[in-house]
Amino acid sequence: MTEVATVQKTSVDRMQVRIAHLDTLLSLAGEVIITSANLQDLERQVGTGGNVGQDGVHLIKASNEATRRISQDLHDLVMAIRLVEIGETFRVLRRPVRDLCRNLGREAEVEFEGADVLIDKALAERLVDPLLHLLRNAVDHGIEPPIERKGAGKTMGGRIVVRATDSEHFTEITVSDDGAGIDEATVRAAGRRELGDAAQRLPLRDLLCTPGLSTVAKVTATSGRGVGLDLVRNVVDEFDGEFSVETVAGKGSEFAMRIPKLRAVNIVDALTLRAGTGLFALPIDQVVANLGLPRDEIRTAFDRERHFLYQDQVVPLFDLQGVLGEVAEADLPALMPVIVLRSRAGLAAFVVSEFLGPQKLVNIPLDENMGHHVAIAGTAVFTGGTLGLTLDVDTLVAEVLGDRSALQTAKRTAAAISEAAWSVDPAAASPTPSQDTTTPASGDVDHTDREEAEDLRQELQSCLQRLQDTLLSLEGDPTSADHLNGAFRLLHAVKGHFTVLDAEGPATLAHHLETVLDYLRAERLNLTQDRMDQLLDGVTHLIAAADQLPGVPADPPSTLLAALHELTANETVAAEDGVALGDLIRQPFDLSPTMQLQVLSALKRGERTYETYLRFDPGRQPGFLAAYLLLRRIGKAGTVLATVPSVTDIEQGRCGREVKVLWSTSLTETDVDALHDRLAPQYSLHEHRTVPTTIFSLGG
């Protein structure tokens, strides 16, 4: 049985940036330069005692307006750069759902809508697990077996729709199915086993999200532990969102996540105020109202703190100074300044000393080891250069209301968003003692730049994800030449990436997969379900291998390699032993006009041209891969002009244990021999011969 594919959790410290965003950034940088030049001119006038005059006043106003607008545009641009299409998240879900349907004997068509909706990258990464759990539930619990659906008058195959919709302030992601719906009686019976009679009073959504609750009697690989919906709600809570469930017996269910759009946590649209001698700032979108509350409207009761009625709702009242650990003012004015705040824990009001006004502030987070109050989010420079504190409203309200669960959620939210979106890992900025920080010598041809290797690894991961997506599309439409050719091209790129990154085992597997696709393109094989499973299993191992880089990836399963090899064994060109030594040496190089120009260019640069013969033992890997790696090593020290067998033959596997290379380099003959001596133990070079050769003469 095919294993259910898992989704790898990856979080990278880089992302692609659209050219349009870079153009906007350059434009804003130009405006900053112009504004700075105007201010410098004004500074010189003031410094020399000159009269600024009316023109200067206008320039000050214009500079102030430009600065305000540029700061807002930069803020918006940074947030826009962080946005990615949710389709990238949808893409990684297709394979696990496909495998799950096959393992459970379900027939279900999964549709993704709204793939072009843009969401913050931090949210995109966190949504993978919740969506995967919802899809598993839809397949395992929602979609009925085909025979049951037929009896209910439904189509044999179920339908699951994952839909993303966008509004001004929220992104909503729903997962709906046309299955049997949720049996509320069964859920409440399971709830009584876990929670007792309290289960009857809980809404269905809260009961479904109870940790440990499950309606399945036996734990399986896909269900039975009662953690799925609890995880979904926790992730939604982290982003201050809403999670809802709707179900109709016999018709299906819909699970919806409604998540506010993330804002930059270090740039705050804030309401500033004074409480005692301290200056504070609160996110303005969590401010419900600013009131002048008469003292005689304050009520007290035995079972609650001070409170008052606001729009027919009881709102508890606290003193902000006292909450933050300062001595509260003893004499309160008859008309008290009160601010009403909204948080996940509910509404709460705080007495303050004075309202100052709205400002856009830059929040500087405080170190957790400083021992500050948990509700203090950081510091900010207010208008006039005065230092103040920013407050975390969710944490503040959760603490005064005694809602410890909300307080913990608020802490997780701040930590998760701050770490995912804005923190800088010091270890990434400076090498650890275990990292190699030495500068390689100019003659070290084995050195690979870490930045280039990381870029290549990320491109490899992207290619693999597109490859898996293309194969799944091919499975749905086996006659599509576009899908087949697209998968072949992607596999060829994947093989090259693994080869450049010295991952020989995955490169070998990619070559076998590429060969199978080539046979499918030539109609020498038919695309059966077993062969599609083998292709997808191979890609799964390649994805795992890419995640293990820059370490040494595990070798692909020998059973899978053997199965892939068997598919093409009858027609594969056998060349393990190569041609006779004399035949290979006598074969001429085929120099194209382009290569001839490269030879002339090398001669003008003062390089030498060599003919090198290499005989090696490929060991467990195919001969073509050993030859490919050897050519790459030589290419780092010079320019490979031609080979026997040709590069095309080598890439197609028509290569044995030897190769002849024509190349140019600035190395001397002694240096070339030394290079091959260094390569000998790595590639089991049994023999290498190099002789200078003359193809063209600049003076002839």
# chains A, B, ... in the order shown; residues from 1 in each chain; ligands from 1
call {"tool": "select_by_dssp", "arguments": {"residues": "segment 441-677 of chain A", "states": "helix (DSSP H, G or I)", "output": "JSON, numbers by chain"}}
result
{"A": [450, 451, 452, 453, 454, 455, 456, 457, 458, 459, 460, 461, 462, 463, 464, 465, 466, 467, 468, 469, 470, 471, 472, 473, 474, 475, 476, 481, 482, 483, 484, 485, 486, 487, 488, 489, 490, 491, 492, 493, 494, 495, 496, 497, 498, 499, 500, 504, 505, 506, 507, 508, 509, 510, 511, 512, 513, 514, 515, 516, 517, 518, 519, 520, 521, 529, 530, 531, 532, 533, 534, 535, 536, 537, 538, 539, 540, 541, 542, 543, 544, 545, 546, 547, 548, 558, 559, 560, 561, 562, 563, 564, 565, 566, 567, 568, 581, 582, 583, 584, 585, 586, 593, 594, 595, 596, 597, 598, 599, 600, 601, 602, 603, 604, 623, 624, 625, 626, 627, 628, 629, 630, 631, 632, 633, 634, 635, 636, 637, 647, 648, 649, 650, 651, 669, 670, 671, 672, 673, 674, 675, 676, 677]}
call {"tool": "residues_around", "arguments": {"residues": "Arg605 of chain A", "least_positions_apart": "6", "cutoff": "10 Å", "atoms": "only C-alpha atoms", "output": "PyMOL selection string"}}
result
chain A and resi 599+665-666
call {"tool": "write_last_selection", "arguments": {"atoms": "N, CA and C atoms", "output": "PDB file, in the first residue's frame"}}
result
ATOM      1  N   VAL A 599      37.216  28.399 -28.081  1.00  0.00           N
ATOM      2  CA  VAL A 599      38.648  28.075 -28.109  1.00  0.00           C
ATOM      3  C   VAL A 599      39.466  29.320 -28.420  1.00  0.00           C
ATOM      4  N   THR A 665      42.062  25.902 -19.965  1.00  0.00           N
ATOM      5  CA  THR A 665      42.249  26.364 -18.592  1.00  0.00           C
ATOM      6  C   THR A 665      43.524  27.192 -18.502  1.00  0.00           C
ATOM      7  N   SER A 666      43.617  27.960 -17.438  1.00  0.00           N
ATOM      8  CA  SER A 666      44.848  28.719 -17.179  1.00  0.00           C
ATOM      9  C   SER A 666      45.857  27.897 -16.389  1.00  0.00           C
TER      10      SER A 666
END
call {"tool": "residues_around", "arguments": {"residues": "segment 242-255 of chain A", "least_positions_apart": "3", "cutoff": "10 Å", "atoms": "only C-alpha atoms", "output": "JSON, numbers by chain"}}
result
{"A": [131, 134, 138, 142, 143, 144, 149, 152, 154, 159, 160, 161, 162, 172, 173, 174, 175, 176, 177, 178, 179, 180, 181, 182, 183, 184, 204, 205, 206, 208, 229, 232, 233, 234, 235, 236, 237, 239, 258, 259, 260]}
call {"tool": "write_last_selection", "arguments": {"atoms": "N, CA and C atoms", "output": "CSV table (one decimal), in the first residue's frame"}}
result
chain,number,residue,atom,x,y,z
A,131,LEU,N,-5.1,23.1,7.2
A,131,LEU,CA,-5.9,22.7,6.0
A,131,LEU,C,-5.7,21.2,5.8
A,134,LEU,N,-8.1,19.4,8.1
A,134,LEU,CA,-9.5,19.6,7.6
A,134,LEU,C,-9.8,18.7,6.4
A,138,ALA,N,-12.3,15.5,6.0
A,138,ALA,CA,-13.3,15.5,5.0
A,138,ALA,C,-13.3,14.1,4.3
A,142,GLY,N,-16.0,12.7,6.4
A,142,GLY,CA,-17.1,13.3,5.6
A,142,GLY,C,-17.6,12.5,4.4
A,143,ILE,N,-16.7,12.2,3.5
A,143,ILE,CA,-17.0,11.5,2.3
A,143,ILE,C,-17.3,10.1,2.6
A,144,GLU,N,-18.5,9.6,2.2
A,144,GLU,CA,-18.9,8.2,2.5
A,144,GLU,C,-18.2,7.3,1.5
A,149,ARG,N,-22.6,6.1,-0.8
A,149,ARG,CA,-23.0,7.2,-1.6
A,149,ARG,C,-24.0,6.8,-2.7
A,152,ALA,N,-27.4,6.5,-1.2
A,152,ALA,CA,-28.0,7.8,-0.9
A,152,ALA,C,-28.3,8.6,-2.1
A,154,LYS,N,-26.2,9.7,-4.4
A,154,LYS,CA,-25.2,10.6,-4.7
A,154,LYS,C,-24.3,10.0,-5.8
A,159,ARG,N,-17.1,15.3,-3.4
A,159,ARG,CA,-16.5,16.6,-3.9
A,159,ARG,C,-16.1,17.4,-2.7
A,160,ILE,N,-14.9,17.8,-2.7
A,160,ILE,CA,-14.3,18.6,-1.6
A,160,ILE,C,-13.8,19.9,-2.2
A,161,VAL,N,-14.2,21.1,-1.6
A,161,VAL,CA,-13.8,22.4,-2.2
A,161,VAL,C,-13.1,23.1,-1.1
A,162,VAL,N,-11.9,23.6,-1.5
A,162,VAL,CA,-11.1,24.5,-0.6
A,162,VAL,C,-11.1,25.8,-1.3
A,172,GLU,N,-10.7,34.7,4.2
A,172,GLU,CA,-11.5,33.6,4.7
A,172,GLU,C,-11.2,32.3,3.9
A,173,ILE,N,-10.9,31.2,4.5
A,173,ILE,CA,-10.5,30.0,3.9
A,173,ILE,C,-11.5,29.0,4.4
A,174,THR,N,-12.3,28.3,3.5
A,174,THR,CA,-13.3,27.3,3.8
A,174,THR,C,-12.9,26.0,3.2
A,175,VAL,N,-13.3,24.9,3.9
A,175,VAL,CA,-13.1,23.5,3.4
A,175,VAL,C,-14.5,22.9,3.5
A,176,SER,N,-15.1,22.6,2.4
A,176,SER,CA,-16.5,22.0,2.4
A,176,SER,C,-16.5,20.7,1.7
A,177,ASP,N,-17.4,19.9,2.0
A,177,ASP,CA,-17.6,18.6,1.4
A,177,ASP,C,-19.1,18.3,1.2
A,178,ASP,N,-19.4,17.3,0.3
A,178,ASP,CA,-20.8,16.9,0.1
A,178,ASP,C,-21.0,15.5,0.7
A,179,GLY,N,-20.4,15.3,1.8
A,179,GLY,CA,-20.5,14.0,2.5
A,179,GLY,C,-21.7,13.8,3.4
A,180,ALA,N,-21.6,13.0,4.4
A,180,ALA,CA,-22.7,12.7,5.3
A,180,ALA,C,-23.0,13.7,6.3
A,181,GLY,N,-22.2,14.7,6.5
A,181,GLY,CA,-22.4,15.7,7.5
A,181,GLY,C,-21.9,15.1,8.9
A,182,ILE,N,-22.0,15.9,9.9
A,182,ILE,CA,-21.6,15.6,11.3
A,182,ILE,C,-22.8,15.0,12.0
A,183,ASP,N,-22.6,13.9,12.6
A,183,ASP,CA,-23.6,13.3,13.5
A,183,ASP,C,-23.5,13.9,14.9
A,184,GLU,N,-24.3,14.9,15.2
A,184,GLU,CA,-24.1,15.6,16.4
A,184,GLU,C,-24.4,14.7,17.6
A,204,LEU,N,-21.5,23.0,19.3
A,204,LEU,CA,-21.0,21.9,18.6
A,204,LEU,C,-19.5,22.2,18.2
A,205,ARG,N,-19.3,23.5,17.7
A,205,ARG,CA,-17.9,23.8,17.3
A,205,ARG,C,-16.9,23.6,18.4
A,206,ASP,N,-17.2,24.1,19.7
A,206,ASP,CA,-16.3,24.0,20.8
A,206,ASP,C,-16.2,22.5,21.2
A,208,LEU,N,-16.3,19.9,19.1
A,208,LEU,CA,-15.5,19.3,18.1
A,208,LEU,C,-14.0,19.6,18.4
A,229,LEU,N,-9.0,19.2,15.0
A,229,LEU,CA,-9.7,20.5,15.0
A,229,LEU,C,-9.2,21.4,16.1
A,232,VAL,N,-6.5,23.2,14.5
A,232,VAL,CA,-7.0,24.2,13.6
A,232,VAL,C,-7.4,25.4,14.4
A,233,ARG,N,-8.1,25.2,15.5
A,233,ARG,CA,-8.6,26.4,16.2
A,233,ARG,C,-7.4,27.1,16.9
A,234,ASN,N,-6.4,26.4,17.3
A,234,ASN,CA,-5.3,27.1,18.0
A,234,ASN,C,-4.5,28.0,17.0
A,235,VAL,N,-4.4,27.5,15.7
A,235,VAL,CA,-3.7,28.3,14.7
A,235,VAL,C,-4.5,29.5,14.4
A,236,VAL,N,-5.8,29.3,14.2
A,236,VAL,CA,-6.7,30.5,13.9
A,236,VAL,C,-6.6,31.5,15.1
A,237,ASP,N,-6.6,31.0,16.3
A,237,ASP,CA,-6.5,31.9,17.5
A,237,ASP,C,-5.2,32.7,17.5
A,239,PHE,N,-3.7,33.9,15.1
A,239,PHE,CA,-3.8,35.1,14.2
A,239,PHE,C,-5.0,35.9,14.5
A,258,ARG,N,-11.7,32.5,9.4
A,258,ARG,CA,-11.7,33.9,9.0
A,258,ARG,C,-10.6,34.6,9.8
A,259,ILE,N,-9.6,35.1,9.0
A,259,ILE,CA,-8.4,35.5,9.7
A,259,ILE,C,-8.1,37.0,9.2
A,260,PRO,N,-7.9,37.9,10.2
A,260,PRO,CA,-7.6,39.3,9.9
A,260,PRO,C,-6.3,39.4,9.1
call {"tool": "atom_distance", "arguments": {"atom1": "atom CA of Ile364 of chain A", "atom2": "atom CA of Thr272 of chain A"}}
result
15.6 Å
call {"tool": "closest_residue", "arguments": {"among": "A:Glu566, A:Asp392, A:Asp99, A:Glu111", "to": "Met532 of chain A", "atoms": "only C-alpha atoms"}}
result
A:Asp99
call {"tool": "closest_residue", "arguments": {"among": "A:Ala348, A:Ala289, A:Val110, A:Leu387", "to": "Gly402 of chain A", "atoms": "only C-alpha atoms"}}
result
A:Ala348
call {"tool": "residues_around", "arguments": {"residues": "segment 615-632 of chain A", "least_positions_apart": "6", "cutoff": "6 Å", "atoms": "only C-alpha atoms", "output": "PyMOL selection string"}}
result
chain A and resi 650+653+655-658+684-687
call {"tool": "select_by_dssp", "arguments": {"residues": "segment 51-134 of chain A", "states": "strand (DSSP E or B)", "output": "list in words"}}
result
Leu83, Val84, Glu85, Ala108, Glu109, Val110, Glu111, Phe112, Glu113, Leu118, Ile119 and Asp120 of chain A
call {"tool": "residues_around", "arguments": {"residues": "Thr668 of chain A", "least_positions_apart": "3", "cutoff": "8 Å", "atoms": "only C-alpha atoms", "output": "ChimeraX atom specification"}}
result
/A:608,671-672
call {"tool": "atom_distance", "arguments": {"atom1": "atom CA of Leu490 of chain A", "atom2": "atom CA of Gln16 of chain A"}}
result
19.5 Å
call {"tool": "atom_distance", "arguments": {"atom1": "atom CA of Ala637 of chain A", "atom2": "atom CA of Thr670 of chain A"}}
result
13.5 Å
call {"tool": "residues_around", "arguments": {"residues": "Ser343 of chain A", "least_positions_apart": "6", "cutoff": "9 Å", "atoms": "only C-alpha atoms", "output": "number ranges by chain"}}
result
A: 286, 393-398
